[in-house]
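Engineer: My structure is stored as upload.pdb, with PDB, C-alpha atoms.
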ATOM      1  CA  GLY G   1      18.316 -23.163  44.619
ATOM      2  CA  ALA G   2      17.903 -26.604  43.133
ATOM      3  CA  VAL G   3      14.330 -27.892  43.169
ATOM      4  CA  VAL G   4      13.184 -31.488  43.257
ATOM      5  CA  SER G   5       9.551 -32.435  42.781
ATOM      6  CA  GLN G   6       7.681 -35.659  43.461
ATOM      7  CA  HIS G   7       4.403 -36.901  42.127
ATOM      8  CA  PRO G   8       1.977 -37.857  43.478
ATOM      9  CA  SER G   9       2.160 -36.345  46.944
ATOM     10  CA  ARG G  10      -0.334 -38.869  48.272
ATOM     11  CA  VAL G  11      -1.592 -42.154  46.898
ATOM     12  CA  ILE G  12      -3.974 -44.745  48.261
ATOM     13  CA  CYS G  13      -4.125 -48.111  46.552
ATOM     14  CA  LYS G  14      -5.500 -51.568  47.055
ATOM     15  CA  SER G  15      -3.326 -54.455  48.118
ATOM     16  CA  GLY G  16      -1.812 -56.241  45.141
ATOM     17  CA  THR G  17      -1.699 -53.256  42.809
ATOM     18  CA  SER G  18       1.406 -51.378  41.649
ATOM     19  CA  VAL G  19       2.151 -47.735  42.275
ATOM     20  CA  LYS G  20       4.608 -45.499  40.442
ATOM     21  CA  ILE G  21       6.202 -42.482  42.081
ATOM     22  CA  GLU G  22       8.052 -39.893  40.015
ATOM     23  CA  CYS G  23      10.972 -37.770  41.125
ATOM     24  CA  ARG G  24      12.088 -34.848  38.975
ATOM     25  CA  SER G  25      14.919 -32.380  39.205
ATOM     26  CA  LEU G  26      13.339 -29.206  37.853
ATOM     27  CA  ASP G  27      16.249 -26.875  37.249
ATOM     28  CA  PHE G  28      19.316 -29.064  37.103
ATOM     29  CA  GLN G  29      20.477 -32.375  35.715
ATOM     30  CA  ALA G  30      20.924 -35.108  38.284
ATOM     31  CA  THR G  31      23.102 -38.034  37.332
ATOM     32  CA  THR G  32      22.397 -39.575  40.707
ATOM     33  CA  MET G  33      19.158 -39.680  42.641
ATOM     34  CA  PHE G  34      18.362 -41.426  45.877
ATOM     35  CA  TRP G  35      15.234 -43.050  47.230
ATOM     36  CA  TYR G  36      14.525 -43.096  50.942
ATOM     37  CA  ARG G  37      11.769 -44.529  53.027
ATOM     38  CA  GLN G  38      10.632 -42.956  56.249
ATOM     39  CA  PHE G  39       8.540 -44.695  58.875
ATOM     40  CA  PRO G  40       6.418 -42.658  61.301
ATOM     41  CA  LYS G  41       8.596 -40.695  63.700
ATOM     42  CA  LYS G  42      11.702 -42.403  62.361
ATOM     43  CA  SER G  43      14.697 -41.371  60.349
ATOM     44  CA  LEU G  44      15.198 -41.850  56.646
ATOM     45  CA  MET G  45      16.273 -45.252  55.433
ATOM     46  CA  LEU G  46      18.139 -45.337  52.148
ATOM     47  CA  MET G  47      16.533 -47.795  49.767
ATOM     48  CA  ALA G  48      18.587 -47.385  46.625
ATOM     49  CA  THR G  49      20.842 -45.153  44.614
ATOM     50  CA  SER G  50      19.574 -44.440  41.130
ATOM     51  CA  ASN G  51      22.108 -43.741  38.402
ATOM     52  CA  GLU G  52      21.082 -42.335  35.043
ATOM     53  CA  GLY G  53      21.390 -44.909  32.314
ATOM     54  CA  SER G  54      22.352 -47.808  34.545
ATOM     55  CA  LYS G  55      20.869 -50.142  37.093
ATOM     56  CA  ALA G  56      20.067 -48.883  40.541
ATOM     57  CA  THR G  57      22.159 -49.917  43.509
ATOM     58  CA  TYR G  58      19.957 -51.313  46.261
ATOM     59  CA  GLU G  59      20.709 -51.321  49.952
ATOM     60  CA  GLN G  60      20.899 -54.600  51.770
ATOM     61  CA  GLY G  61      17.471 -55.922  52.629
ATOM     62  CA  VAL G  62      15.615 -53.947  49.965
ATOM     63  CA  GLU G  63      13.884 -56.177  47.421
ATOM     64  CA  LYS G  64      14.842 -54.988  43.963
ATOM     65  CA  ASP G  65      12.006 -56.898  42.319
ATOM     66  CA  LYS G  66       9.487 -55.226  44.562
ATOM     67  CA  PHE G  67      10.839 -51.702  44.398
ATOM     68  CA  LEU G  68      11.653 -51.089  40.755
ATOM     69  CA  ILE G  69      13.741 -48.017  40.063
ATOM     70  CA  ASN G  70      14.249 -46.473  36.668
ATOM     71  CA  HIS G  71      16.410 -43.446  35.933
ATOM     72  CA  ALA G  72      15.761 -42.966  32.241
ATOM     73  CA  SER G  73      16.828 -39.345  31.961
ATOM     74  CA  LEU G  74      18.955 -36.806  33.780
ATOM     75  CA  THR G  75      15.883 -35.209  35.304
ATOM     76  CA  LEU G  76      13.595 -38.132  36.103
ATOM     77  CA  SER G  77      13.753 -41.183  38.313
ATOM     78  CA  THR G  78      10.780 -43.399  39.075
ATOM     79  CA  LEU G  79      10.086 -45.818  41.896
ATOM     80  CA  THR G  80       7.452 -48.476  41.285
ATOM     81  CA  VAL G  81       6.150 -50.408  44.246
ATOM     82  CA  THR G  82       4.943 -53.670  42.729
ATOM     83  CA  SER G  83       2.211 -55.820  44.236
ATOM     84  CA  ALA G  84       1.888 -53.435  47.142
ATOM     85  CA  HIS G  85       0.921 -54.686  50.575
ATOM     86  CA  PRO G  86      -0.136 -52.792  53.704
ATOM     87  CA  GLU G  87       3.383 -53.090  55.132
ATOM     88  CA  ASP G  88       4.623 -51.021  52.176
ATOM     89  CA  SER G  89       2.637 -48.058  53.483
ATOM     90  CA  SER G  90       5.171 -45.365  54.221
ATOM     91  CA  PHE G  91       6.521 -41.956  53.292
ATOM     92  CA  TYR G  92       8.843 -42.205  50.298
ATOM     93  CA  ILE G  93      11.299 -39.388  49.669
ATOM     94  CA  CYS G  94      13.690 -38.874  46.792
ATOM     95  CA  SER G  95      16.724 -36.642  46.614
ATOM     96  CA  ALA G  96      19.213 -35.544  44.015
ATOM     97  CA  SER G  97      22.694 -34.207  44.233
ATOM     98  CA  LEU G  98      24.239 -31.593  42.015
ATOM     99  CA  PRO G  99      26.806 -33.195  39.718
ATOM    100  CA  THR G 100      29.236 -30.373  40.404
ATOM    101  CA  SER G 101      28.878 -30.491  44.159
ATOM    102  CA  VAL G 102      32.064 -31.604  45.843
ATOM    103  CA  VAL G 103      30.352 -31.902  49.201
ATOM    104  CA  ASN G 104      27.450 -33.965  47.918
ATOM    105  CA  GLU G 105      24.778 -31.548  49.085
ATOM    106  CA  GLN G 106      21.436 -33.124  48.326
ATOM    107  CA  PHE G 107      18.066 -31.625  47.540
ATOM    108  CA  PHE G 108      14.968 -33.442  48.618
ATOM    109  CA  GLY G 109      11.561 -33.813  47.106
ATOM    110  CA  PRO G 110       8.476 -33.142  49.232
ATOM    111  CA  GLY G 111       7.777 -36.844  49.635
ATOM    112  CA  THR G 112       4.991 -39.218  48.667
ATOM    113  CA  ARG G 113       2.751 -40.761  51.267
ATOM    114  CA  LEU G 114       1.679 -44.236  50.182
ATOM    115  CA  THR G 115      -1.212 -45.969  51.900
ATOM    116  CA  VAL G 116      -1.974 -49.538  50.910
ATOM    117  CA  LEU G 117      -5.378 -50.797  51.982
TER     118      LEU G 117
ATOM    119  CA  GLY Y   1      30.799 -47.720  58.809
ATOM    120  CA  ASP Y   2      29.692 -44.133  59.114
ATOM    121  CA  SER Y   3      27.059 -43.202  61.670
ATOM    122  CA  VAL Y   4      25.337 -40.178  63.156
ATOM    123  CA  THR Y   5      23.965 -39.984  66.676
ATOM    124  CA  GLN Y   6      21.452 -37.362  67.752
ATOM    125  CA  MET Y   7      19.908 -36.618  71.093
ATOM    126  CA  GLU Y   8      16.570 -38.233  71.747
ATOM    127  CA  GLY Y   9      13.484 -36.096  71.455
ATOM    128  CA  PRO Y  10      11.079 -34.603  71.715
ATOM    129  CA  VAL Y  11      12.586 -31.364  72.878
ATOM    130  CA  THR Y  12       9.952 -29.015  74.241
ATOM    131  CA  LEU Y  13      10.793 -25.354  74.723
ATOM    132  CA  SER Y  14       9.002 -22.109  75.345
ATOM    133  CA  GLU Y  15       9.202 -19.374  72.740
ATOM    134  CA  GLU Y  16      12.446 -17.338  72.912
ATOM    135  CA  ALA Y  17      14.281 -20.120  74.752
ATOM    136  CA  PHE Y  18      17.785 -21.227  73.764
ATOM    137  CA  LEU Y  19      18.039 -24.391  71.704
ATOM    138  CA  THR Y  20      20.769 -26.991  71.509
ATOM    139  CA  ILE Y  21      20.406 -30.276  69.658
ATOM    140  CA  ASN Y  22      23.442 -32.485  70.008
ATOM    141  CA  CYS Y  23      24.906 -34.417  67.111
ATOM    142  CA  THR Y  24      28.021 -36.568  67.015
ATOM    143  CA  TYR Y  25      29.355 -38.657  64.192
ATOM    144  CA  THR Y  26      31.768 -41.389  63.229
ATOM    145  CA  ALA Y  27      33.264 -41.501  59.768
ATOM    146  CA  THR Y  28      36.129 -43.211  58.038
ATOM    147  CA  GLY Y  29      36.933 -40.227  55.888
ATOM    148  CA  TYR Y  30      36.639 -36.480  56.249
ATOM    149  CA  PRO Y  31      32.919 -35.878  55.924
ATOM    150  CA  SER Y  32      30.779 -32.893  55.150
ATOM    151  CA  LEU Y  33      28.107 -32.263  57.758
ATOM    152  CA  PHE Y  34      24.541 -31.085  57.358
ATOM    153  CA  TRP Y  35      21.448 -30.196  59.302
ATOM    154  CA  TYR Y  36      18.130 -30.779  57.585
ATOM    155  CA  VAL Y  37      14.698 -29.719  58.851
ATOM    156  CA  GLN Y  38      11.410 -31.470  58.155
ATOM    157  CA  TYR Y  39       8.164 -29.627  58.794
ATOM    158  CA  PRO Y  40       5.006 -31.693  59.313
ATOM    159  CA  GLY Y  41       3.931 -33.531  56.177
ATOM    160  CA  GLU Y  42       6.812 -32.210  54.101
ATOM    161  CA  GLY Y  43      10.143 -33.393  52.763
ATOM    162  CA  LEU Y  44      13.528 -32.347  54.057
ATOM    163  CA  GLN Y  45      15.016 -28.915  53.609
ATOM    164  CA  LEU Y  46      18.679 -28.126  54.010
ATOM    165  CA  LEU Y  47      19.117 -25.857  56.996
ATOM    166  CA  LEU Y  48      22.893 -25.446  57.067
ATOM    167  CA  LYS Y  49      26.129 -27.215  56.257
ATOM    168  CA  ALA Y  50      29.843 -27.264  57.014
ATOM    169  CA  THR Y  51      32.550 -28.894  54.965
ATOM    170  CA  LYS Y  52      35.714 -28.690  57.076
ATOM    171  CA  ALA Y  53      36.896 -28.437  60.634
ATOM    172  CA  ASP Y  54      35.974 -25.238  62.491
ATOM    173  CA  ASP Y  55      33.558 -24.196  59.746
ATOM    174  CA  LYS Y  56      30.384 -22.658  61.111
ATOM    175  CA  GLY Y  57      27.189 -23.141  59.157
ATOM    176  CA  SER Y  58      24.385 -20.680  59.799
ATOM    177  CA  ASN Y  59      20.907 -19.962  58.489
ATOM    178  CA  LYS Y  60      17.681 -18.449  59.879
ATOM    179  CA  GLY Y  61      19.306 -17.877  63.258
ATOM    180  CA  PHE Y  62      20.509 -21.471  63.547
ATOM    181  CA  GLU Y  63      24.204 -22.246  63.835
ATOM    182  CA  ALA Y  64      26.404 -25.320  64.013
ATOM    183  CA  THR Y  65      30.193 -25.609  64.178
ATOM    184  CA  TYR Y  66      32.154 -28.538  62.744
ATOM    185  CA  ARG Y  67      34.275 -29.820  65.642
ATOM    186  CA  LYS Y  68      36.685 -32.458  64.421
ATOM    187  CA  GLU Y  69      38.302 -32.980  67.808
ATOM    188  CA  THR Y  70      34.993 -33.950  69.373
ATOM    189  CA  THR Y  71      33.398 -35.280  66.148
ATOM    190  CA  SER Y  72      30.378 -33.087  66.807
ATOM    191  CA  PHE Y  73      28.082 -30.728  64.937
ATOM    192  CA  HIS Y  74      25.629 -29.425  67.527
ATOM    193  CA  LEU Y  75      22.746 -27.251  66.337
ATOM    194  CA  GLU Y  76      22.001 -24.051  68.282
ATOM    195  CA  LYS Y  77      19.595 -21.161  68.129
ATOM    196  CA  GLY Y  78      19.498 -18.291  70.563
ATOM    197  CA  SER Y  79      15.743 -17.678  70.548
ATOM    198  CA  VAL Y  80      13.326 -20.218  69.128
ATOM    199  CA  GLN Y  81       9.926 -19.433  67.675
ATOM    200  CA  VAL Y  82       6.770 -21.503  67.396
ATOM    201  CA  SER Y  83       7.428 -21.741  63.659
ATOM    202  CA  ASP Y  84      10.663 -23.634  64.397
ATOM    203  CA  SER Y  85       8.644 -26.638  65.532
ATOM    204  CA  ALA Y  86       9.785 -29.459  63.264
ATOM    205  CA  VAL Y  87      12.030 -32.511  63.142
ATOM    206  CA  TYR Y  88      15.733 -31.818  62.752
ATOM    207  CA  PHE Y  89      18.107 -34.314  61.165
ATOM    208  CA  CYS Y  90      21.865 -34.294  61.391
ATOM    209  CA  ALA Y  91      23.560 -35.946  58.421
ATOM    210  CA  LEU Y  92      26.952 -36.553  56.932
ATOM    211  CA  SER Y  93      28.358 -37.163  53.515
ATOM    212  CA  ASP Y  94      31.555 -39.144  53.311
ATOM    213  CA  VAL Y  95      32.457 -39.130  49.636
ATOM    214  CA  ASP Y  96      35.891 -40.549  50.456
ATOM    215  CA  THR Y  97      34.168 -43.882  50.917
ATOM    216  CA  GLY Y  98      32.619 -43.675  47.461
ATOM    217  CA  ARG Y  99      29.165 -43.592  48.977
ATOM    218  CA  ARG Y 100      27.203 -40.611  47.752
ATOM    219  CA  ALA Y 101      24.098 -41.140  49.845
ATOM    220  CA  LEU Y 102      23.750 -39.250  53.088
ATOM    221  CA  THR Y 103      23.910 -40.945  56.457
ATOM    222  CA  PHE Y 104      21.223 -39.565  58.760
ATOM    223  CA  GLY Y 105      20.757 -39.408  62.472
ATOM    224  CA  SER Y 106      17.472 -40.540  63.948
ATOM    225  CA  GLY Y 107      16.006 -37.045  64.024
ATOM    226  CA  THR Y 108      15.036 -34.827  66.941
ATOM    227  CA  ARG Y 109      11.543 -33.436  67.219
ATOM    228  CA  LEU Y 110      11.367 -29.862  68.483
ATOM    229  CA  GLN Y 111       8.159 -28.492  69.916
ATOM    230  CA  VAL Y 112       8.061 -24.793  70.715
ATOM    231  CA  GLN Y 113       5.202 -23.582  72.853
ATOM    232  CA  PRO Y 114       3.899 -19.992  72.831
TER     233      PRO Y 114
END
Just dump the structure as structure tokens.
Structural biologist:
Amino acid sequence: GAVVSQHPSRVICKSGTSVKIECRSLDFQATTMFWYRQFPKKSLMLMATSNEGSKATYEQGVEKDKFLINHASLTLSTLTVTSAHPEDSSFYICSASLPTSVVNEQFFGPGTRLTVL
Amino acid sequence: GDSVTQMEGPVTLSEEAFLTINCTYTATGYPSLFWYVQYPGEGLQLLLKATKADDKGSNKGFEATYRKETTSFHLEKGSVQVSDSAVYFCALSDVDTGRRALTFGSGTRLQVQP
């Protein structure tokens, strides 16, 4: 099946620093990737849709200048949390859909746990 | 807009008990329906899916049937195991709306005791 990886799996940073999270589709090309945020014991909240070669589409309420998304290739999307603050601590999950999938089945990365001190 | 409603958890069962997790949805189009499972500390894994009315998705002993008349996609398993303890998410994809992201329910935590 399609495999999506994320790196790092865990990151701890100081308040005010920036953190980059990578999402890779390992065995397929993903024209569209998605970034979600998950709070403890809560569901996934879509942050943005990342399209290869174009600007990401952000959900309402998500600060695009704070959560920078780049989808430079068909297998890599990155999320950079700029000037991180403790309230940005969360579990960030990416997913990718197969371009040929008519039902939009998505494959998820293992997630990145961000802790901002 | 589209939405997914799941039963509140946690659901606590003894091993070999029967499991039902209810899921209902609202959608403007004709969605595809999914169940995802999240084990502690991990990302989401697709458990099963159904793409049209009366389809039954099944995997690892879990089943769910796409019921258009009741807009439901309830997850069932005849005999749960301790290893089934996880959070289960019902989700839909409504590509007719042009939105490719999934819409998730709130998740239901299942705890299976030996």
Engineer: Give as a list in words every residue of chain G that touches chain Y within 9 Å, counting all atoms listed in the file.
Structural biologist: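 That gives Thr32, Met33, Phe34, Lys41, Lys42, Ser43, Leu44, Met45, Leu46, Ala48, Thr49, Ile93, Cys94, Ser97, Val102, Val103, Asn104, Glu105, Gln106, Phe107, Phe108, Gly109, Pro110, Gly111, Thr112 and Arg113 of chain G for chain G.
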Engineer: Once the PyMOL selection byres ((chain Y and resi 58-60) around 10) has been evaluated on this model, what residues remain selected, and can you format them as a ChimeraX atom specification?
Structural biologist: /Y:35,46-50,55-57,61-65,75-77,84
Engineer: Is it possible to get the axis-aligned box enclosing range 48-55 of chain G (all listed atoms, 3 Å extra per side) as JSON, with centre and edge lengths in Å rounded to one decimal?
Structural biologist:
{"center_x": 20.5, "center_y": -46.2, "center_z": 39.5, "size_x": 9.8, "size_y": 13.8, "size_z": 20.3}
Engineer: Pick out the residues sitting within 10 Å of Gln111 in chain Y, and hand them over as a ChimeraX atom specification; count all atoms listed in the file, and ignore anything fewer than 5 positions along from it in its own chain.
Structural biologist: /Y:9-15,80-87
Engineer: Show which residues sit within 8 Å of Cys13 in chain G, as an mmCIF file with C-alpha atoms, in the coordinates of the input. Count only C-alpha atoms, and ignore same-chain residues fewer than 2 positions away.
Structural biologist:
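Output (around.cif):
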data_model
loop_
_atom_site.group_PDB
_atom_site.id
_atom_site.type_symbol
_atom_site.label_atom_id
_atom_site.label_comp_id
_atom_site.auth_asym_id
_atom_site.auth_seq_id
_atom_site.Cartn_x
_atom_site.Cartn_y
_atom_site.Cartn_z
ATOM 1 C CA VAL G 11 -1.592 -42.154 46.898
ATOM 2 C CA SER G 15 -3.326 -54.455 48.118
ATOM 3 C CA THR G 17 -1.699 -53.256 42.809
ATOM 4 C CA VAL G 19 2.151 -47.735 42.275
ATOM 5 C CA LEU G 114 1.679 -44.236 50.182
ATOM 6 C CA THR G 115 -1.212 -45.969 51.900
ATOM 7 C CA VAL G 116 -1.974 -49.538 50.910
ATOM 8 C CA LEU G 117 -5.378 -50.797 51.982
#
Engineer: Could you tell me how far CA of Arg10 in chain G sits from CA of Pro40 in chain Y, in Å to one decimal place?
Structural biologist: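 A separation of 14.2 Å between them.
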Engineer: Please, what distance in Å, to one decimal, runs between CA of Asn70 in chain G and CA of Lys55 in chain G?
Structural biologist: 7.6 Å
Engineer: Output the residue selection produced by the PyMOL selection byres ((chain G and resi 63-68) around 6) on the file above, formatted as a ChimeraX atom specification.
Structural biologist: /G:62,69,79-82
Engineer: Can you write just those residues out, C-alpha atoms, as a CSV table (one decimal), in the coordinates of the input?
Structural biologist:
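Listed below is the output, part29.csv:
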chain,number,residue,atom,x,y,z
G,62,VAL,CA,15.6,-53.9,50.0
G,69,ILE,CA,13.7,-48.0,40.1
G,79,LEU,CA,10.1,-45.8,41.9
G,80,THR,CA,7.5,-48.5,41.3
G,81,VAL,CA,6.2,-50.4,44.2
G,82,THR,CA,4.9,-53.7,42.7
Engineer: Translate the PyMOL selection byres ((chain Y and resi 18) around 7) into a concrete residue list for this structure, as a list in words.
Structural biologist: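 For this structure, the PyMOL selection byres ((chain Y and resi 18) around 7) resolves to Glu16, Ala17, Leu19, Thr20, Lys77, Gly78, Ser79 and Val80 of chain Y.
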Engineer: Separation of CA of Ala56 in chain G and CA of His71 in chain G, in Å?
Structural biologist: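 Calculated distance between CA of Ala56 in chain G and CA of His71 in chain G is 8.0 Å.
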Engineer: Could you check which of G:Leu26, G:Ala2, G:Ile12, G:Ala72 is closest to Asp88 in chain G, using all atoms listed in the file?
Structural biologist: G:Ile12
Engineer: Need to verify the contact set: Gly16 in chain G, 8 Å, all atoms listed in the file, exclusion of same-chain residues closer than 3 positions in sequence. Can you return it as an NGL selection string?
Structural biologist: :G and (82-85)
Engineer: Find the residue from G:Ser77, G:Trp35, G:Pro40, G:Ser18 that sits nearest to Ser54 in chain G; use all atoms listed in the file when measuring.
Structural biologist: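 Once distances to Ser54 in chain G are computed over all atoms listed in the file, the minimum belongs to G:Ser77.
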Engineer: Counting all atoms listed in the file, figure out which residue out of Y:Asp2, Y:Glu8, Y:Pro114, Y:Phe73 gets nearest to Cys23 in chain Y.
Structural biologist: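 Looking only at the distances to Cys23 in chain Y, the closest residue turns out to be Y:Phe73.
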Engineer: Between Y:Val112, Y:Val37, Y:Ala27, Y:Cys90, which has the minimum distance to His74 in chain Y (counting all atoms listed in the file)?
Structural biologist: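 Looking at the shortest contact to His74 in chain Y, the residue is Y:Cys90.
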